[in-house]
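Shown below: structure.txt, with compact mmCIF, C-alpha atoms.
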# COMPACT_ATOMS: atom_id res chain seq x y z
CA MET P 360 -182.52 -14.88 98.09
CA LYS P 361 -184.88 -13.47 95.47
CA ILE P 362 -187.71 -11.21 96.67
CA TYR P 363 -190.97 -10.81 94.74
CA GLU P 364 -193.85 -8.45 95.44
CA ASN P 365 -197.45 -9.47 94.74
CA PHE P 366 -196.40 -12.70 92.99
CA GLU P 367 -194.39 -11.14 90.19
CA ARG P 368 -192.28 -14.11 89.21
CA SER P 369 -190.69 -15.42 86.03
CA SER P 370 -192.10 -18.70 84.79
CA SER P 371 -188.54 -19.85 84.09
CA HIS P 372 -187.99 -20.60 87.76
CA SER P 373 -188.24 -24.08 89.20
CA SER P 374 -191.42 -25.22 90.88
CA LEU P 375 -191.65 -24.51 94.57
CA ALA P 376 -191.56 -26.12 97.94
CA LEU P 377 -193.43 -23.41 99.84
CA SER P 378 -194.53 -22.42 103.31
CA ILE P 379 -197.00 -19.68 104.23
CA GLY P 380 -197.22 -17.43 107.26
CA MET P 381 -196.19 -14.19 108.91
CA PHE P 382 -192.93 -15.65 110.24
CA ASP P 383 -192.71 -12.70 112.65
CA GLY P 384 -189.50 -13.18 114.58
CA VAL P 385 -188.41 -16.18 112.49
CA HIS P 386 -188.28 -18.02 115.83
CA ARG P 387 -187.24 -21.63 116.42
CA GLY P 388 -190.67 -22.92 115.41
CA HIS P 389 -190.35 -21.10 112.09
CA GLN P 390 -186.78 -22.34 111.76
CA SER P 391 -187.93 -25.95 112.03
CA ILE P 392 -190.34 -25.36 109.13
CA ILE P 393 -187.60 -23.73 107.04
CA LYS P 394 -185.21 -26.60 107.75
CA GLN P 395 -187.78 -29.14 106.54
CA LEU P 396 -188.63 -26.91 103.57
CA ASN P 397 -184.99 -26.84 102.48
CA THR P 398 -184.66 -30.60 102.94
CA VAL P 399 -187.71 -31.29 100.78
CA ALA P 400 -186.67 -28.76 98.13
CA LYS P 401 -183.26 -30.36 97.76
CA ALA P 402 -184.62 -33.91 97.66
CA LYS P 403 -187.29 -33.09 95.05
CA ASN P 404 -185.24 -30.66 92.93
CA LEU P 405 -187.46 -27.72 93.84
CA GLU P 406 -186.74 -24.18 95.00
CA SER P 407 -187.68 -23.23 98.56
CA GLY P 408 -190.00 -20.29 99.12
CA ILE P 409 -191.86 -18.39 101.81
CA LEU P 410 -195.11 -16.53 101.17
CA THR P 411 -195.70 -13.82 103.76
CA PHE P 412 -197.76 -10.67 104.07
CA TRP P 413 -196.77 -7.05 104.55
CA PRO P 414 -198.07 -5.24 106.40
CA HIS P 415 -199.28 -7.69 109.03
CA PRO P 416 -203.02 -8.42 108.47
CA ARG P 417 -203.80 -7.51 112.10
CA LEU P 418 -202.67 -3.97 111.36
CA ILE P 419 -205.50 -3.84 108.82
CA PHE P 420 -208.20 -5.86 110.60
CA LYS P 421 -207.54 -4.56 114.13
CA PRO P 422 -205.62 -1.27 113.96
CA GLU P 423 -206.82 -0.47 117.47
CA ASP P 424 -204.58 -3.26 118.81
CA ASP P 425 -201.45 -1.16 118.05
CA LEU P 426 -199.57 -4.35 117.23
CA LYS P 427 -195.78 -4.14 117.38
CA LEU P 428 -193.70 -6.60 115.37
CA LEU P 429 -190.59 -8.58 116.22
CA ASN P 430 -189.05 -7.91 112.81
CA THR P 431 -188.93 -5.06 110.40
CA LEU P 432 -189.28 -6.22 106.81
CA SER P 433 -185.53 -5.86 106.35
CA GLU P 434 -184.78 -7.94 109.46
CA LYS P 435 -187.21 -10.66 108.43
CA SER P 436 -185.71 -10.85 104.94
CA GLN P 437 -182.20 -11.11 106.34
CA LEU P 438 -183.18 -13.89 108.75
CA LEU P 439 -185.01 -15.90 106.08
CA GLU P 440 -182.01 -15.62 103.79
CA LYS P 441 -179.68 -16.62 106.63
CA PHE P 442 -181.68 -19.82 107.16
CA GLY P 443 -181.48 -20.72 103.48
CA VAL P 444 -184.79 -19.62 101.92
CA GLU P 445 -184.34 -19.10 98.17
CA ASN P 446 -187.49 -17.10 97.34
CA LEU P 447 -189.51 -14.63 99.39
CA PHE P 448 -192.97 -13.62 98.18
CA LEU P 449 -194.44 -10.48 99.75
CA LYS P 450 -198.17 -10.02 99.32
CA GLU P 451 -200.05 -6.87 100.21
CA PHE P 452 -203.23 -7.74 102.09
CA ASP P 453 -205.48 -5.76 99.73
CA GLN P 454 -209.28 -5.99 99.37
CA ASP P 455 -209.25 -8.51 96.50
CA PHE P 456 -206.84 -10.79 98.29
CA ARG P 457 -208.61 -10.73 101.63
CA ASN P 458 -211.88 -11.77 99.93
CA LEU P 459 -210.44 -14.99 98.49
CA THR P 460 -211.88 -18.13 100.06
CA GLY P 461 -209.47 -20.81 101.21
CA GLU P 462 -210.07 -22.88 98.08
CA GLU P 463 -209.72 -19.87 95.77
CA PHE P 464 -206.44 -19.00 97.44
CA VAL P 465 -205.09 -22.51 96.84
CA ARG P 466 -206.22 -22.69 93.21
CA GLN P 467 -205.52 -19.11 92.07
CA ILE P 468 -202.46 -18.20 94.10
CA LEU P 469 -200.60 -21.29 95.22
CA VAL P 470 -201.10 -23.44 92.11
CA GLU P 471 -201.70 -21.06 89.18
CA LYS P 472 -199.36 -18.22 90.16
CA LEU P 473 -196.71 -19.86 92.33
CA GLN P 474 -196.69 -23.37 90.82
CA ILE P 475 -196.22 -25.13 94.14
CA LYS P 476 -195.37 -28.82 94.19
CA TYR P 477 -194.92 -29.17 97.95
CA LEU P 478 -196.56 -27.14 100.73
CA ILE P 479 -195.55 -27.12 104.38
CA VAL P 480 -197.79 -25.41 106.94
CA GLY P 481 -197.65 -24.96 110.69
CA TYR P 482 -199.79 -27.06 113.00
CA ASP P 483 -202.40 -24.30 113.48
CA HIS P 484 -202.30 -22.52 110.11
CA VAL P 485 -205.58 -21.24 108.65
CA PHE P 486 -206.08 -19.00 105.63
CA GLY P 487 -208.67 -17.46 103.31
CA LYS P 488 -211.81 -15.44 103.95
CA ASP P 489 -213.47 -16.31 107.26
CA ARG P 490 -210.52 -18.66 107.96
CA SER P 491 -212.09 -21.14 105.55
CA GLY P 492 -208.79 -22.78 104.61
CA ASN P 493 -207.00 -25.30 106.80
CA PHE P 494 -204.87 -28.44 106.58
CA GLU P 495 -207.90 -30.64 105.88
CA LEU P 496 -208.78 -28.53 102.84
CA LEU P 497 -205.19 -28.75 101.60
CA GLU P 498 -205.23 -32.54 101.95
CA LYS P 499 -208.46 -32.66 99.96
CA LEU P 500 -207.21 -30.45 97.10
CA ALA P 501 -203.62 -31.69 96.87
CA PRO P 502 -204.21 -34.84 94.74
CA GLU P 503 -206.41 -32.97 92.25
CA LEU P 504 -204.07 -30.00 91.91
CA GLY P 505 -200.81 -31.91 91.83
CA PHE P 506 -198.99 -30.95 95.00
CA GLU P 507 -198.05 -32.61 98.27
CA VAL P 508 -198.79 -31.14 101.67
CA GLU P 509 -197.19 -31.59 105.08
CA LYS P 510 -198.12 -30.28 108.52
CA MET P 511 -195.34 -29.41 110.96
CA GLU P 512 -195.91 -29.83 114.67
CA ALA P 513 -195.11 -27.09 117.16
CA VAL P 514 -191.68 -26.69 118.72
CA ASN P 515 -191.88 -26.68 122.52
CA ILE P 516 -189.84 -25.02 125.25
CA HIS P 517 -190.73 -25.63 128.90
CA ASN P 518 -193.62 -27.79 127.63
CA GLN P 519 -195.18 -24.84 125.81
CA HIS P 520 -195.47 -24.12 122.09
CA ILE P 521 -193.20 -21.38 120.80
CA SER P 522 -195.12 -18.54 119.16
CA SER P 523 -194.49 -14.97 118.07
CA THR P 524 -197.01 -13.82 120.67
CA LYS P 525 -195.10 -15.56 123.46
CA VAL P 526 -191.85 -13.97 122.31
CA ARG P 527 -193.50 -10.54 122.33
CA ASN P 528 -194.91 -11.12 125.82
CA ALA P 529 -191.50 -12.20 127.15
CA LEU P 530 -189.87 -9.05 125.76
CA LEU P 531 -192.60 -6.84 127.21
CA LYS P 532 -191.89 -8.40 130.62
CA GLY P 533 -188.15 -7.86 130.21
CA ASP P 534 -187.57 -11.61 130.15
CA ILE P 535 -184.74 -11.42 127.63
CA GLU P 536 -183.40 -14.88 128.38
CA GLU P 537 -186.75 -16.54 127.62
CA ALA P 538 -187.31 -14.46 124.48
CA ASN P 539 -183.85 -15.25 123.12
CA LEU P 540 -184.33 -18.93 123.92
CA MET P 541 -187.51 -19.03 121.83
CA LEU P 542 -185.96 -16.99 119.02
CA GLY P 543 -182.73 -18.97 118.83
CA TYR P 544 -180.76 -15.71 118.58
CA HIS P 545 -180.38 -12.44 120.50
CA TYR P 546 -183.27 -10.05 119.89
CA PRO P 547 -182.07 -7.12 117.75
CA VAL P 548 -183.15 -3.51 117.40
CA SER P 549 -181.69 -1.34 114.64
CA GLY P 550 -181.88 2.27 113.59
CA LYS P 551 -180.06 5.46 112.80
CA VAL P 552 -178.09 7.33 115.48
CA VAL P 553 -179.78 10.71 115.97
CA HIS P 554 -179.15 13.75 118.15
CA GLY P 555 -180.58 13.73 121.65
CA LYS P 556 -180.39 16.11 124.60
CA LYS P 557 -176.72 15.13 125.22
CA ILE P 558 -177.29 14.89 128.98
CA GLY P 559 -175.34 11.62 129.14
CA LYS P 560 -172.22 13.35 127.86
CA THR P 561 -172.30 15.80 130.77
CA ILE P 562 -172.26 12.99 133.36
CA GLY P 563 -169.61 10.80 131.75
CA TYR P 564 -171.97 8.43 129.96
CA PRO P 565 -172.45 9.69 126.38
CA THR P 566 -175.13 7.65 124.63
CA ALA P 567 -176.14 6.98 121.05
CA ASN P 568 -179.84 7.72 120.58
CA ILE P 569 -181.36 5.16 118.20
CA GLU P 570 -184.26 6.12 115.92
CA VAL P 571 -186.37 2.93 115.81
CA GLN P 572 -189.12 2.15 113.30
CA ASN P 573 -192.55 2.73 114.84
CA LEU P 574 -193.76 -0.84 114.15
CA LYS P 575 -190.78 -2.47 115.88
CA LEU P 576 -191.47 -3.94 119.31
CA LEU P 577 -189.26 -2.63 122.11
CA PRO P 578 -188.74 -4.58 125.34
CA LYS P 579 -190.13 -3.11 128.56
CA LYS P 580 -188.72 0.13 129.92
CA GLY P 581 -185.48 -0.35 131.78
CA ALA P 582 -181.75 -0.97 131.46
CA TYR P 583 -180.15 -3.83 129.52
CA ILE P 584 -176.83 -5.34 128.56
CA THR P 585 -176.56 -5.38 124.77
CA ASP P 586 -174.14 -6.32 122.05
CA VAL P 587 -173.61 -3.34 119.74
CA PHE P 588 -172.91 -3.71 116.02
CA LEU P 589 -171.55 -0.70 114.16
CA ASN P 590 -169.55 -0.38 110.94
CA GLY P 591 -168.95 -4.14 110.89
CA ASP P 592 -167.51 -4.20 114.42
CA GLN P 593 -168.99 -5.48 117.69
CA TYR P 594 -168.88 -3.65 121.02
CA LYS P 595 -170.22 -4.03 124.56
CA GLY P 596 -173.15 -1.84 125.48
CA MET P 597 -175.56 -0.88 128.22
CA LEU P 598 -178.87 0.36 126.93
CA SER P 599 -181.78 2.31 128.35
CA ILE P 600 -185.38 2.29 127.15
CA GLY P 601 -187.50 4.95 128.80
CA THR P 602 -188.31 8.62 129.26
CA ASN P 603 -185.33 9.71 131.40
CA PRO P 604 -187.58 10.67 134.35
CA THR P 605 -184.64 11.84 136.49
CA VAL P 606 -184.10 14.82 134.15
CA GLY P 607 -187.79 15.43 133.48
CA GLY P 608 -188.03 13.58 130.17
CA THR P 609 -191.42 12.65 128.73
CA GLU P 610 -190.65 11.07 125.35
CA LYS P 611 -189.59 7.42 125.14
CA THR P 612 -186.04 7.01 123.83
CA VAL P 613 -183.67 4.14 123.11
CA GLU P 614 -180.11 5.06 124.13
CA VAL P 615 -177.00 2.91 124.28
CA TYR P 616 -173.73 3.66 126.04
CA ILE P 617 -170.95 1.86 124.18
CA LEU P 618 -168.11 0.76 126.43
CA ASP P 619 -164.55 1.66 125.44
CA PHE P 620 -165.75 3.77 122.52
CA ASP P 621 -165.37 7.44 121.63
CA GLU P 622 -166.34 8.28 118.05
CA ASP P 623 -168.82 10.57 116.31
CA ILE P 624 -171.45 8.21 114.89
CA TYR P 625 -174.39 10.54 114.20
CA GLY P 626 -176.27 9.39 111.10
CA LYS P 627 -174.78 5.90 111.25
CA GLU P 628 -176.87 2.72 111.25
CA ILE P 629 -176.51 0.79 114.50
CA THR P 630 -177.86 -2.54 115.78
CA VAL P 631 -178.14 -3.62 119.38
CA ALA P 632 -178.82 -7.22 120.42
CA PHE P 633 -180.37 -7.73 123.85
CA ARG P 634 -178.44 -10.01 126.20
CA GLU P 635 -179.65 -9.41 129.76
CA PHE P 636 -182.11 -7.27 131.71
CA LEU P 637 -180.45 -5.13 134.37
CA HIS P 638 -183.32 -3.30 136.09
CA ASP P 639 -186.55 -1.35 135.61
CA GLU P 640 -186.55 2.34 134.77
CA ILE P 641 -185.82 4.38 137.91
CA LYS P 642 -186.46 8.02 138.75
CA PHE P 643 -183.52 9.09 140.91
CA GLU P 644 -183.62 11.92 143.42
CA SER P 645 -180.44 13.44 141.99
CA LEU P 646 -177.95 13.16 139.14
CA GLU P 647 -175.40 11.86 141.65
CA LYS P 648 -177.64 8.89 142.44
CA LEU P 649 -178.13 8.29 138.70
CA ILE P 650 -174.37 8.28 138.15
CA GLU P 651 -173.89 5.80 141.01
CA LYS P 652 -176.39 3.44 139.35
CA LEU P 653 -174.75 3.87 135.95
CA ASP P 654 -171.39 3.00 137.52
CA ASP P 655 -172.96 -0.13 138.99
CA ASP P 656 -174.60 -1.04 135.65
CA LYS P 657 -171.25 -0.60 133.90
CA LYS P 658 -169.53 -2.94 136.34
CA ARG P 659 -172.28 -5.54 135.91
CA THR P 660 -171.95 -5.23 132.13
CA GLU P 661 -168.19 -5.66 132.26
CA ASP P 662 -168.57 -8.66 134.59
CA PHE P 663 -171.13 -10.19 132.21
CA TYR P 664 -168.75 -10.09 129.27
CA THR P 665 -165.78 -11.22 131.36
CA ALA P 666 -167.74 -14.26 132.52
CA GLU P 667 -168.87 -14.99 128.97
CA SER P 668 -165.35 -14.81 127.55
CA SER P 669 -164.14 -17.29 130.17
CA ILE P 670 -166.63 -19.99 129.16
Just dump the structure as structure tokens.
Amino acid sequence: MKIYENFERSSSHSSLALSIGMFDGVHRGHQSIIKQLNTVAKAKNLESGILTFWPHPRLIFKPEDDLKLLNTLSEKSQLLEKFGVENLFLKEFDQDFRNLTGEEFVRQILVEKLQIKYLIVGYDHVFGKDRSGNFELLEKLAPELGFEVEKMEAVNIHNQHISSTKVRNALLKGDIEEANLMLGYHYPVSGKVVHGKKIGKTIGYPTANIEVQNLKLLPKKGAYITDVFLNGDQYKGMLSIGTNPTVGGTEKTVEVYILDFDEDIYGKEITVAFREFLHDEIKFESLEKLIEKLDDDKKRTEDFYTAESSI
């Protein structure tokens, strides 16, 4: 997949079948758009492309919201490439761009700069200053400007539209099963292994502390079963998100205990993929009670993977 920033693109490339949006999470609704995009591109001898924005416009318009994202830019790029997108266009949401009307955006960006021949948008997509662009405007301009346009309907689960917001809300409730169902894959969190207080090592449960990008959304505080990916290998893990209240912690950390593993991995990049919620964060009255719960969590984690391998 080729990645372009601010529409820098060689004119030697084929014309585009394009879709526009944040694609945060690249969930199953997004995947349906990408599948259709690839089908159209192949049938019409076009290249497929996604135009997205970084950072997220809400971080600019409403910084007070403290929005957390489902994907880092690297994760989003990897997912889009995995699903077959050939070109990714990253546009900074600068002052000039945000002042374009919907029609100016279509004429100046989509047609003149990106040379689109086919445009696919989601069922509720709006664009341009004051949200002045919509599917009706695209239908009106398409014949004049020489492109075709298609609107994709929402993908439903449990009779509800899938959306990035609903995935975020499920994760914040610890509803990992629902979030993963909407995503179509297991929600990942990645980062570098950094030094912590090493308390886990003293009680028989040494953990890898993961340094996570500030914009990345973390599920609710608590304990989870996670797949662990490290150095190209996969392991079983039990992960904690929280402040370690039993030992007087105050700073939120992400720590994973990797089963059947004993290596020095400080400074290594690690990815965890959330599989199941175990329980909320608990402040125990003693380290002994904490260890008892960790033993129970470990057994539940082992049972989870044993049951999965028998399917």
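In terms of minimum interatomic distance to Glu434 (chain P), P:Lys575 ranks closest within P:Lys648, P:Arg417, P:Lys575, P:Lys476, counting all atoms listed in the file.
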Practice problem: Choose the residue, out of P:Lys532, P:Lys441, P:Arg634, P:His415, that has the smallest atom-to-atom separation from Thr585 (chain P); count all atoms listed in the file. | Solution: P:Arg634
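Remark: for Gly408 (chain P), the closest of the candidate residues P:Ser433, P:Gln474, P:Gln454, P:Thr630 is P:Gln474 (distances computed over all atoms listed in the file).
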Quiz item: How far is it from CA of Thr411 (chain P) to CA of Phe382 (chain P), in Å with one decimal?
Solution: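 It comes out at 7.3 Å.
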Quiz item: Using all atoms listed in the file, which of the listed residues (P:Asp586, P:Asp592, P:Glu471, P:Glu570) sits closest to Tyr664 (chain P)?
Solution: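 Of P:Asp586, P:Asp592, P:Glu471, P:Glu570, the one nearest Tyr664 (chain P), counting all atoms listed in the file, is P:Asp586.
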Self-check item: Pairwise distance for CA of Phe442 (chain P) and CA of Lys403 (chain P), rounded to one decimal in Å
Solution: 18.8 Å
Quiz item: What is the CA of Lys525 (chain P) to CA of Gly384 (chain P) distance in Å?
Solution: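 It comes out at 10.8 Å.
The list of residues with at least one atom within 10 Å of Gly543 (chain P), based on only C-alpha atoms and without residues fewer than 2 positions apart in the same chain, reads Gly384, Val385, His386, Arg387, Gly388, Gln390, Glu537, Ala538, Asn539, Leu540, Met541, His545 and Tyr546 of chain P.
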Self-check item: Surrounding residues of Leu447 (chain P) excluding itself and chain neighbours under 2 positions, 10 Å, all atoms listed in the file, as JSON, numbers by chain
Solution: {"P": [360, 361, 362, 363, 364, 366, 377, 407, 408, 409, 410, 411, 436, 439, 440, 444, 445, 449, 450]}
Show me, as a short mmCIF file (atom, residue, chain, number, x, y, z; two decimals) with C-alpha atoms, keeping the file's coordinate frame, the residues that have an atom within 10 Å of region 601-604 of chain P when counting all atoms listed in the file, minus same-chain residues fewer than 6 positions from it.
data_model
loop_
_atom_site.label_atom_id
_atom_site.label_comp_id
_atom_site.auth_asym_id
_atom_site.auth_seq_id
_atom_site.Cartn_x
_atom_site.Cartn_y
_atom_site.Cartn_z
CA ILE P 558 -177.29 14.89 128.98
CA LYS P 579 -190.13 -3.11 128.56
CA LYS P 580 -188.72 0.13 129.92
CA GLY P 581 -185.48 -0.35 131.78
CA ALA P 582 -181.75 -0.97 131.46
CA GLU P 610 -190.65 11.07 125.35
CA LYS P 611 -189.59 7.42 125.14
CA THR P 612 -186.04 7.01 123.83
CA VAL P 613 -183.67 4.14 123.11
CA GLU P 614 -180.11 5.06 124.13
CA ASP P 639 -186.55 -1.35 135.61
CA GLU P 640 -186.55 2.34 134.77
CA ILE P 641 -185.82 4.38 137.91
CA LYS P 642 -186.46 8.02 138.75
CA PHE P 643 -183.52 9.09 140.91
CA GLU P 644 -183.62 11.92 143.42
#
Exercise. Identify which of the residues P:Lys551, P:Phe588, P:Leu574, P:Gly607 lies closest to Glu628 (chain P), counting all atoms listed in the file when measuring atom-to-atom distances.
Key: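 For Glu628 (chain P), the nearest of the candidates is P:Lys551.
With distances restricted to all atoms listed in the file, P:Ile516 is the closest residue to Leu542 (chain P) from P:Arg490, P:Ile516, P:Leu426, P:Ile468.
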Practice problem: Write out as a list in words which residues come within 12 Å of region 497-499 of chain P when counting all atoms listed in the file, dropping same-chain ones fewer than 6 positions away. | Solution: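 In the requested form, the answer reads Gly461, Glu462, Glu463, Phe464, Val465, Arg466, Leu469, Val470, Tyr477, Leu478, Ile479, Val480, His484, Val485, Phe486, Gly487, Ser491, Gly505, Phe506, Glu507, Val508, Glu509 and Lys510 of chain P.
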Practice problem: Please work out which residues fall within 10 Å of (-197.1, -29.4, 115.5), coordinates as given in the file, with all atoms listed in the file counting, and return them as a ChimeraX atom specification. | Solution: /P:388,480-483,510-515,520
So for region 601-607 of chain P, what box centre and size do we get, axis-aligned, 5 Å extra on each of the six sides, every listed atom, Å to one decimal, as lines of an AutoDock Vina configuration file?
center_x = -186.2
center_y = 10.2
center_z = 132.6
size_x = 14.2
size_y = 20.5
size_z = 17.7
Keeping just N, CA, C and O atoms, export region 563-580 of chain P of this structure as a JSON list (two decimals), in the first residue's frame.
[["chain", "number", "residue", "atom", "x", "y", "z"],
["P", 563, "GLY", "N", 5.50, -13.59, 42.32],
["P", 563, "GLY", "CA", 5.39, -14.72, 41.40],
["P", 563, "GLY", "C", 4.65, -14.42, 40.11],
["P", 563, "GLY", "O", 4.37, -15.34, 39.33],
["P", 564, "TYR", "N", 4.33, -13.17, 39.87],
["P", 564, "TYR", "CA", 3.62, -12.79, 38.64],
["P", 564, "TYR", "C", 4.32, -11.59, 37.99],
["P", 564, "TYR", "O", 3.78, -10.48, 37.98],
["P", 565, "PRO", "N", 5.52, -11.82, 37.43],
["P", 565, "PRO", "CA", 6.22, -10.71, 36.77],
["P", 565, "PRO", "C", 5.45, -10.26, 35.53],
["P", 565, "PRO", "O", 4.98, -11.07, 34.74],
["P", 566, "THR", "N", 5.29, -8.95, 35.41],
["P", 566, "THR", "CA", 4.51, -8.41, 34.29],
["P", 566, "THR", "C", 5.36, -7.53, 33.40],
["P", 566, "THR", "O", 6.35, -6.95, 33.83],
["P", 567, "ALA", "N", 4.94, -7.44, 32.14],
["P", 567, "ALA", "CA", 5.52, -6.50, 31.19],
["P", 567, "ALA", "C", 4.67, -5.24, 31.19],
["P", 567, "ALA", "O", 3.47, -5.30, 30.89],
["P", 568, "ASN", "N", 5.26, -4.12, 31.57],
["P", 568, "ASN", "CA", 4.55, -2.84, 31.54],
["P", 568, "ASN", "C", 4.60, -2.28, 30.12],
["P", 568, "ASN", "O", 5.69, -2.13, 29.56],
["P", 569, "ILE", "N", 3.44, -1.95, 29.57],
["P", 569, "ILE", "CA", 3.36, -1.50, 28.18],
["P", 569, "ILE", "C", 3.15, 0.01, 28.14],
["P", 569, "ILE", "O", 2.20, 0.53, 28.74],
["P", 570, "GLU", "N", 4.03, 0.70, 27.43],
["P", 570, "GLU", "CA", 3.90, 2.14, 27.24],
["P", 570, "GLU", "C", 3.00, 2.38, 26.03],
["P", 570, "GLU", "O", 3.39, 2.12, 24.89],
["P", 571, "VAL", "N", 1.79, 2.88, 26.27],
["P", 571, "VAL", "CA", 0.77, 3.00, 25.22],
["P", 571, "VAL", "C", 0.66, 4.46, 24.78],
["P", 571, "VAL", "O", 0.73, 5.38, 25.62],
["P", 572, "GLN", "N", 0.49, 4.68, 23.47],
["P", 572, "GLN", "CA", 0.30, 6.04, 22.98],
["P", 572, "GLN", "C", -0.89, 6.71, 23.67],
["P", 572, "GLN", "O", -1.93, 6.07, 23.89],
["P", 573, "ASN", "N", -0.75, 7.99, 23.97],
["P", 573, "ASN", "CA", -1.76, 8.71, 24.74],
["P", 573, "ASN", "C", -3.13, 8.73, 24.06],
["P", 573, "ASN", "O", -4.17, 8.73, 24.71],
["P", 574, "LEU", "N", -3.15, 8.75, 22.71],
["P", 574, "LEU", "CA", -4.42, 8.85, 21.99],
["P", 574, "LEU", "C", -5.15, 7.51, 21.88],
["P", 574, "LEU", "O", -6.31, 7.46, 21.48],
["P", 575, "LYS", "N", -4.49, 6.43, 22.22],
["P", 575, "LYS", "CA", -5.08, 5.10, 22.06],
["P", 575, "LYS", "C", -6.09, 4.82, 23.17],
["P", 575, "LYS", "O", -5.81, 5.00, 24.36],
["P", 576, "LEU", "N", -7.28, 4.35, 22.79],
["P", 576, "LEU", "CA", -8.31, 4.04, 23.77],
["P", 576, "LEU", "C", -7.99, 2.73, 24.48],
["P", 576, "LEU", "O", -7.70, 1.72, 23.84],
["P", 577, "LEU", "N", -8.05, 2.75, 25.80],
["P", 577, "LEU", "CA", -7.89, 1.54, 26.60],
["P", 577, "LEU", "C", -9.27, 1.09, 27.12],
["P", 577, "LEU", "O", -10.09, 1.93, 27.48],
["P", 578, "PRO", "N", -9.52, -0.20, 27.14],
["P", 578, "PRO", "CA", -10.76, -0.68, 27.77],
["P", 578, "PRO", "C", -10.81, -0.27, 29.24],
["P", 578, "PRO", "O", -9.84, 0.23, 29.81],
["P", 579, "LYS", "N", -11.97, -0.51, 29.86],
["P", 579, "LYS", "CA", -12.17, -0.10, 31.25],
["P", 579, "LYS", "C", -11.13, -0.77, 32.16],
["P", 579, "LYS", "O", -10.55, -1.81, 31.82],
["P", 580, "LYS", "N", -10.92, -0.17, 33.32],
["P", 580, "LYS", "CA", -10.00, -0.76, 34.29],
["P", 580, "LYS", "C", -10.46, -2.16, 34.66],
["P", 580, "LYS", "O", -11.66, -2.42, 34.82]]
